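Visitor: Got a structure for you, final-v1.pdb, holding PDB, C-alpha atoms and all ligand atoms.
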ATOM      1  CA  MET A   1     -22.804  11.460 -22.183  1.00  0.00           C
ATOM      2  CA  ASN A   2     -22.771   7.710 -21.728  1.00  0.00           C
ATOM      3  CA  ALA A   3     -19.940   5.328 -22.584  1.00  0.00           C
ATOM      4  CA  THR A   4     -21.297   4.573 -26.067  1.00  0.00           C
ATOM      5  CA  ASP A   5     -21.505   8.259 -27.031  1.00  0.00           C
ATOM      6  CA  ILE A   6     -18.050   9.055 -25.666  1.00  0.00           C
ATOM      7  CA  ILE A   7     -16.396   6.122 -27.460  1.00  0.00           C
ATOM      8  CA  LYS A   8     -18.233   6.906 -30.703  1.00  0.00           C
ATOM      9  CA  LYS A   9     -17.402  10.634 -30.515  1.00  0.00           C
ATOM     10  CA  ALA A  10     -13.704   9.752 -30.172  1.00  0.00           C
ATOM     11  CA  GLY A  11     -13.931   7.924 -33.503  1.00  0.00           C
ATOM     12  CA  LEU A  12     -13.585   4.431 -32.064  1.00  0.00           C
ATOM     13  CA  LYS A  13     -15.806   1.500 -32.896  1.00  0.00           C
ATOM     14  CA  ILE A  14     -18.212   0.435 -30.169  1.00  0.00           C
ATOM     15  CA  THR A  15     -17.543  -3.048 -28.853  1.00  0.00           C
ATOM     16  CA  PRO A  16     -19.034  -4.616 -25.723  1.00  0.00           C
ATOM     17  CA  GLN A  17     -15.503  -4.907 -24.260  1.00  0.00           C
ATOM     18  CA  ARG A  18     -14.771  -1.221 -24.819  1.00  0.00           C
ATOM     19  CA  LYS A  19     -18.042  -0.273 -23.133  1.00  0.00           C
ATOM     20  CA  ILE A  20     -17.280  -2.487 -20.121  1.00  0.00           C
ATOM     21  CA  VAL A  21     -13.739  -1.108 -19.718  1.00  0.00           C
ATOM     22  CA  TYR A  22     -14.943   2.486 -20.064  1.00  0.00           C
ATOM     23  CA  GLU A  23     -17.701   1.981 -17.514  1.00  0.00           C
ATOM     24  CA  ALA A  24     -15.229   0.409 -15.066  1.00  0.00           C
ATOM     25  CA  ILE A  25     -12.868   3.385 -15.175  1.00  0.00           C
ATOM     26  CA  ALA A  26     -15.785   5.836 -15.135  1.00  0.00           C
ATOM     27  CA  GLU A  27     -16.720   4.334 -11.802  1.00  0.00           C
ATOM     28  CA  LEU A  28     -13.126   4.269 -10.485  1.00  0.00           C
ATOM     29  CA  LYS A  29     -12.274   7.838 -11.742  1.00  0.00           C
ATOM     30  CA  HIS A  30      -8.508   7.344 -11.161  1.00  0.00           C
ATOM     31  CA  ALA A  31      -7.119   3.833 -11.189  1.00  0.00           C
ATOM     32  CA  ALA A  32      -3.938   1.880 -11.756  1.00  0.00           C
ATOM     33  CA  ILE A  33      -4.064  -0.748 -14.484  1.00  0.00           C
ATOM     34  CA  ASP A  34      -4.240  -3.679 -12.054  1.00  0.00           C
ATOM     35  CA  THR A  35      -7.262  -2.131 -10.323  1.00  0.00           C
ATOM     36  CA  ILE A  36      -9.007  -1.677 -13.684  1.00  0.00           C
ATOM     37  CA  ILE A  37      -8.216  -5.279 -14.676  1.00  0.00           C
ATOM     38  CA  ALA A  38      -9.583  -6.576 -11.359  1.00  0.00           C
ATOM     39  CA  LYS A  39     -12.741  -4.472 -11.697  1.00  0.00           C
ATOM     40  CA  VAL A  40     -13.405  -5.556 -15.301  1.00  0.00           C
ATOM     41  CA  GLN A  41     -12.662  -9.237 -14.701  1.00  0.00           C
ATOM     42  CA  GLU A  42     -14.766  -9.347 -11.539  1.00  0.00           C
ATOM     43  CA  SER A  43     -17.910  -9.451 -13.679  1.00  0.00           C
ATOM     44  CA  ASN A  44     -16.306 -10.302 -17.046  1.00  0.00           C
ATOM     45  CA  PRO A  45     -13.603 -12.946 -16.518  1.00  0.00           C
ATOM     46  CA  ASP A  46     -13.558 -13.679 -20.268  1.00  0.00           C
ATOM     47  CA  ILE A  47     -12.015 -10.281 -21.116  1.00  0.00           C
ATOM     48  CA  THR A  48      -8.264 -10.905 -21.174  1.00  0.00           C
ATOM     49  CA  ILE A  49      -5.588  -8.702 -19.628  1.00  0.00           C
ATOM     50  CA  SER A  50      -4.081  -7.967 -23.041  1.00  0.00           C
ATOM     51  CA  THR A  51      -7.482  -6.860 -24.354  1.00  0.00           C
ATOM     52  CA  ILE A  52      -7.865  -4.486 -21.407  1.00  0.00           C
ATOM     53  CA  TYR A  53      -4.354  -3.088 -22.004  1.00  0.00           C
ATOM     54  CA  ARG A  54      -5.164  -2.607 -25.692  1.00  0.00           C
ATOM     55  CA  ILE A  55      -8.478  -0.869 -24.974  1.00  0.00           C
ATOM     56  CA  LEU A  56      -6.956   1.493 -22.395  1.00  0.00           C
ATOM     57  CA  ASP A  57      -4.185   2.357 -24.826  1.00  0.00           C
ATOM     58  CA  SER A  58      -6.711   3.131 -27.580  1.00  0.00           C
ATOM     59  CA  PHE A  59      -8.749   5.278 -25.155  1.00  0.00           C
ATOM     60  CA  TYR A  60      -5.621   7.153 -24.107  1.00  0.00           C
ATOM     61  CA  LYS A  61      -4.562   7.758 -27.717  1.00  0.00           C
ATOM     62  CA  ALA A  62      -8.096   8.923 -28.577  1.00  0.00           C
ATOM     63  CA  ASP A  63      -7.998  11.410 -25.651  1.00  0.00           C
ATOM     64  CA  ILE A  64     -10.892   9.821 -23.810  1.00  0.00           C
ATOM     65  CA  LEU A  65      -8.650   9.242 -20.808  1.00  0.00           C
ATOM     66  CA  SER A  66      -5.628  10.963 -19.381  1.00  0.00           C
ATOM     67  CA  GLN A  67      -2.889   9.646 -17.136  1.00  0.00           C
ATOM     68  CA  VAL A  68      -1.531  10.851 -13.843  1.00  0.00           C
ATOM     69  CA  ASN A  69       1.493   9.680 -11.874  1.00  0.00           C
ATOM     70  CA  HIS A  70       0.911   9.178  -8.191  1.00  0.00           C
ATOM     71  CA  PRO A  71       3.735  10.832  -6.230  1.00  0.00           C
ATOM     72  CA  ASN A  72       3.376   8.404  -3.328  1.00  0.00           C
ATOM     73  CA  ASP A  73       3.766   5.119  -5.188  1.00  0.00           C
ATOM     74  CA  GLY A  74       5.172   6.278  -8.537  1.00  0.00           C
ATOM     75  CA  LYS A  75       2.469   4.325 -10.369  1.00  0.00           C
ATOM     76  CA  THR A  76       0.655   5.591 -13.428  1.00  0.00           C
ATOM     77  CA  TYR A  77      -3.074   5.950 -12.991  1.00  0.00           C
ATOM     78  CA  TYR A  78      -5.630   6.231 -15.746  1.00  0.00           C
ATOM     79  CA  ASP A  79      -7.832   9.240 -15.263  1.00  0.00           C
ATOM     80  CA  ILE A  80     -11.409   9.419 -16.578  1.00  0.00           C
ATOM     81  CA  THR A  81     -11.101  13.199 -17.028  1.00  0.00           C
ATOM     82  CA  PRO A  82      -9.234  13.952 -20.267  1.00  0.00           C
ATOM     83  CA  ILE A  83      -9.203  17.758 -19.959  1.00  0.00           C
ATOM     84  CA  PRO A  84      -6.292  19.361 -18.047  1.00  0.00           C
ATOM     85  CA  HIS A  85      -6.842  19.611 -14.312  1.00  0.00           C
ATOM     86  CA  HIS A  86      -4.859  19.587 -11.093  1.00  0.00           C
ATOM     87  CA  HIS A  87      -4.741  16.894  -8.443  1.00  0.00           C
ATOM     88  CA  ILE A  88      -4.717  16.666  -4.707  1.00  0.00           C
ATOM     89  CA  PHE A  89      -3.041  13.534  -3.330  1.00  0.00           C
ATOM     90  CA  GLU A  90      -4.024  12.505   0.123  1.00  0.00           C
ATOM     91  CA  GLY A  91      -2.462   9.203   1.073  1.00  0.00           C
ATOM     92  CA  GLN A  92      -3.526   6.898  -1.770  1.00  0.00           C
ATOM     93  CA  LYS A  93      -6.525   9.063  -2.604  1.00  0.00           C
ATOM     94  CA  ILE A  94      -6.498  11.176  -5.773  1.00  0.00           C
ATOM     95  CA  ILE A  95      -8.878  14.122  -5.845  1.00  0.00           C
ATOM     96  CA  ASP A  96      -9.477  16.229  -8.956  1.00  0.00           C
ATOM     97  CA  TYR A  97      -8.826  19.903  -8.492  1.00  0.00           C
ATOM     98  CA  SER A  98     -10.023  22.211 -11.218  1.00  0.00           C
ATOM     99  CA  ASP A  99      -8.820  25.783 -10.892  1.00  0.00           C
ATOM    100  CA  PRO A 100      -8.506  27.729 -14.171  1.00  0.00           C
ATOM    101  CA  LYS A 101      -7.388  30.860 -12.276  1.00  0.00           C
ATOM    102  CA  LEU A 102      -4.425  29.005 -10.772  1.00  0.00           C
ATOM    103  CA  THR A 103      -3.503  27.572 -14.178  1.00  0.00           C
ATOM    104  CA  GLU A 104      -3.654  31.043 -15.759  1.00  0.00           C
ATOM    105  CA  LEU A 105      -1.626  32.543 -12.922  1.00  0.00           C
ATOM    106  CA  ILE A 106       1.169  29.991 -13.389  1.00  0.00           C
ATOM    107  CA  ARG A 107       1.069  30.362 -17.172  1.00  0.00           C
ATOM    108  CA  ARG A 108       1.402  34.145 -16.921  1.00  0.00           C
ATOM    109  CA  TYR A 109       4.117  33.868 -14.267  1.00  0.00           C
ATOM    110  CA  LEU A 110       6.165  31.503 -16.421  1.00  0.00           C
ATOM    111  CA  LYS A 111       5.731  33.581 -19.576  1.00  0.00           C
ATOM    112  CA  GLU A 112       6.838  36.766 -17.835  1.00  0.00           C
ATOM    113  CA  GLY A 113       9.742  35.054 -16.096  1.00  0.00           C
ATOM    114  CA  ALA A 114      12.453  32.703 -17.243  1.00  0.00           C
ATOM    115  CA  PHE A 115      10.133  30.684 -19.419  1.00  0.00           C
ATOM    116  CA  GLU A 116       9.574  32.795 -22.492  1.00  0.00           C
ATOM    117  CA  THR A 117       7.492  30.457 -24.565  1.00  0.00           C
ATOM    118  CA  GLU A 118       3.983  30.291 -25.900  1.00  0.00           C
ATOM    119  CA  ASN A 119       4.339  26.557 -26.184  1.00  0.00           C
ATOM    120  CA  ILE A 120       3.360  25.433 -22.716  1.00  0.00           C
ATOM    121  CA  ASP A 121       1.221  22.391 -23.409  1.00  0.00           C
ATOM    122  CA  LYS A 122      -0.025  21.512 -19.976  1.00  0.00           C
ATOM    123  CA  ILE A 123       0.193  22.874 -16.466  1.00  0.00           C
ATOM    124  CA  GLN A 124      -0.663  20.310 -13.856  1.00  0.00           C
ATOM    125  CA  VAL A 125      -0.216  21.083 -10.196  1.00  0.00           C
ATOM    126  CA  GLN A 126       0.184  18.276  -7.691  1.00  0.00           C
ATOM    127  CA  ILE A 127      -0.882  19.134  -4.197  1.00  0.00           C
ATOM    128  CA  ILE A 128       0.264  16.525  -1.716  1.00  0.00           C
ATOM    129  CA  ILE A 129      -1.395  16.471   1.645  1.00  0.00           C
ATOM    130  CA  ASN A 130       0.517  14.625   4.298  1.00  0.00           C
ATOM    131  CA  PRO A 131      -1.474  12.238   6.419  1.00  0.00           C
ATOM    132  CA  ILE A 132      -1.701  13.203  10.068  1.00  0.00           C
ATOM    133  CA  LYS A 133       1.131  11.484  11.885  1.00  0.00           C
ATOM    134  CA  SER A 134       0.229   9.866  15.156  1.00  0.00           C
ATOM    135  CA  ASP A 135       3.171   9.208  17.446  1.00  0.00           C
TER     136      ASP A 135
HETATM  137 ZN    ZN B 201      -7.948  13.579 -12.365  1.00  0.00          ZN
END
Re-express the file's structure as C-alpha cells.

Guide:
Amino acid sequence: MNATDIIKKAGLKITPQRKIVYEAIAELKHAAIDTIIAKVQESNPDITISTIYRILDSFYKADILSQVNHPNDGKTYYDITPIPHHHIFEGQKIIDYSDPKLTELIRRYLKEGAFETENIDKIQVQIIINPIKSD
C-alpha cells in the first residue's frame, strides 16, 4: 500500500503535507521527531514544525504509526510499523524483531504465573545489544 491508501484507510483526509510526512517516516522506519522534521523540511521548507507535530499526532491516534522509547537516549521514536513487534537496539540503531512465538510464550508464562489477567494489551521485548568495547 502506498501513503495515499494507508492515510485514506485510516479515515484521514489526504493532504499533500500528510503524504510528505508519511513518506518521510516510511523511509526512516524509526525516527525521533527532530529527524522527521529535518527530513521533511529538507525538501519542503514551507511545512512548519507545528504542522508536522499535528500530522504525526493524527497518524499516531489513527494507528498508522506506533511509538517506541529508545533505551539508550530515552527519546521517543515514531515507528512506521503500527502492529505489535519487538525491537533490537544496537547503539543508536533500532531493528524490528517480529517473533509471534516469543510473544505467545511470554503471554502464556504471565497468565500462568503471577499475572492472572486476560487483559494484556501489548508485549514488547527490548533486546539491547552492547557495542563492542575497545580498550
Ligand atoms: Zn519498530

Visitor: For ligand ZN 201 (chain B), list the contacting residues at 10 Å or closer, counting only C-alpha atoms and all ligand atoms, as number ranges by chain.

Guide: A: 29-31, 65-68, 77-88, 94-98

Visitor: Taking into account all atoms listed in the file, which residue in the set A:Glu90, A:Asp46, A:Glu27, A:Asp57 is nearest to Asp73 in chain A?

Guide: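 Selected residue with least distance to Asp73 in chain A: A:Glu90.
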
Visitor: What gap, in Å, lies between CA of Leu102 in chain A and CA of Phe115 in chain A?

Guide: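 Atom-to-atom, CA of Leu102 in chain A to CA of Phe115 in chain A, that is 17.0 Å.
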
Visitor: Do you have the CA of Leu56 in chain A-CA of Ile37 in chain A distance handy?

Guide: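 Distance reported for this atom pair: 10.3 Å.
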
Visitor: Give me the residues near Val21 in chain A as a PyMOL selection string, where near means some atom within 9 Å (using only C-alpha atoms) and where sequence neighbours in that chain fewer than 2 positions away do not count.

Guide: chain A and resi 16-19+23-26+36-37+39-40+52+55-56

Visitor: What does the PyMOL selection byres (((chain A and resi 10) around 8) and not hetatm) select in this file, as a PyMOL selection string?

Guide: chain A and resi 6-9+11-12+62-64

Visitor: Which distance in Å separates CA of Thr103 in chain A and CA of Phe59 in chain A, to one decimal?

Guide: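 Calculated distance between CA of Thr103 in chain A and CA of Phe59 in chain A is 25.4 Å.
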
Visitor: Using all atoms listed in the file, which residue out of A:Leu28, A:Ile33, A:Ile129, A:Ile120 lies closest to Pro71 in chain A?

Guide: A:Ile129

Visitor: Show which residues sit within 12 Å of Glu104 in chain A, as a PyMOL selection string. Count only C-alpha atoms, and ignore same-chain residues fewer than 4 positions away.

Guide: chain A and resi 85+98-100+108-111+120+122-125

Visitor: Could you save the residues just selected, with C-alpha atoms, as a CSV table (one decimal), in the coordinates of the input?

Guide:
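This went into part_19.csv:
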chain,number,residue,atom,x,y,z
A,85,HIS,CA,-6.8,19.6,-14.3
A,98,SER,CA,-10.0,22.2,-11.2
A,99,ASP,CA,-8.8,25.8,-10.9
A,100,PRO,CA,-8.5,27.7,-14.2
A,108,ARG,CA,1.4,34.1,-16.9
A,109,TYR,CA,4.1,33.9,-14.3
A,110,LEU,CA,6.2,31.5,-16.4
A,111,LYS,CA,5.7,33.6,-19.6
A,120,ILE,CA,3.4,25.4,-22.7
A,122,LYS,CA,0.0,21.5,-20.0
A,123,ILE,CA,0.2,22.9,-16.5
A,124,GLN,CA,-0.7,20.3,-13.9
A,125,VAL,CA,-0.2,21.1,-10.2

Visitor: Using only C-alpha atoms, which of the listed residues (A:Thr35, A:Thr15, A:Asn69, A:Asn130) sits closest to Ile49 in chain A?

Guide: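 Between A:Thr35, A:Thr15, A:Asn69, A:Asn130, the residue approaching Ile49 in chain A most closely is A:Thr35.
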
Visitor: Between A:Thr117, A:Gly91, A:Tyr53, A:Lys101, which has the minimum distance to Pro131 in chain A (counting all atoms listed in the file)?

Guide: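 Ranking A:Thr117, A:Gly91, A:Tyr53, A:Lys101 by distance to Pro131 in chain A, first place goes to A:Gly91.
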
Visitor: Which centre and edge lengths in Å to one decimal define the box along x, y and z that fits every listed atom of range 56-65 of chain A plus 6 Å per side, as lines of an AutoDock Vina configuration file?

Guide:
center_x = -7.5
center_y = 6.5
center_z = -24.7
size_x = 18.7
size_y = 21.9
size_z = 19.8

Visitor: Point out the residue among A:Gln92, A:Gln41, A:Thr4, A:Ser58 with the least atom-to-atom distance to Asn72 in chain A, counting all atoms listed in the file.

Guide: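 Under the stated criterion, the closest residue is A:Gln92.
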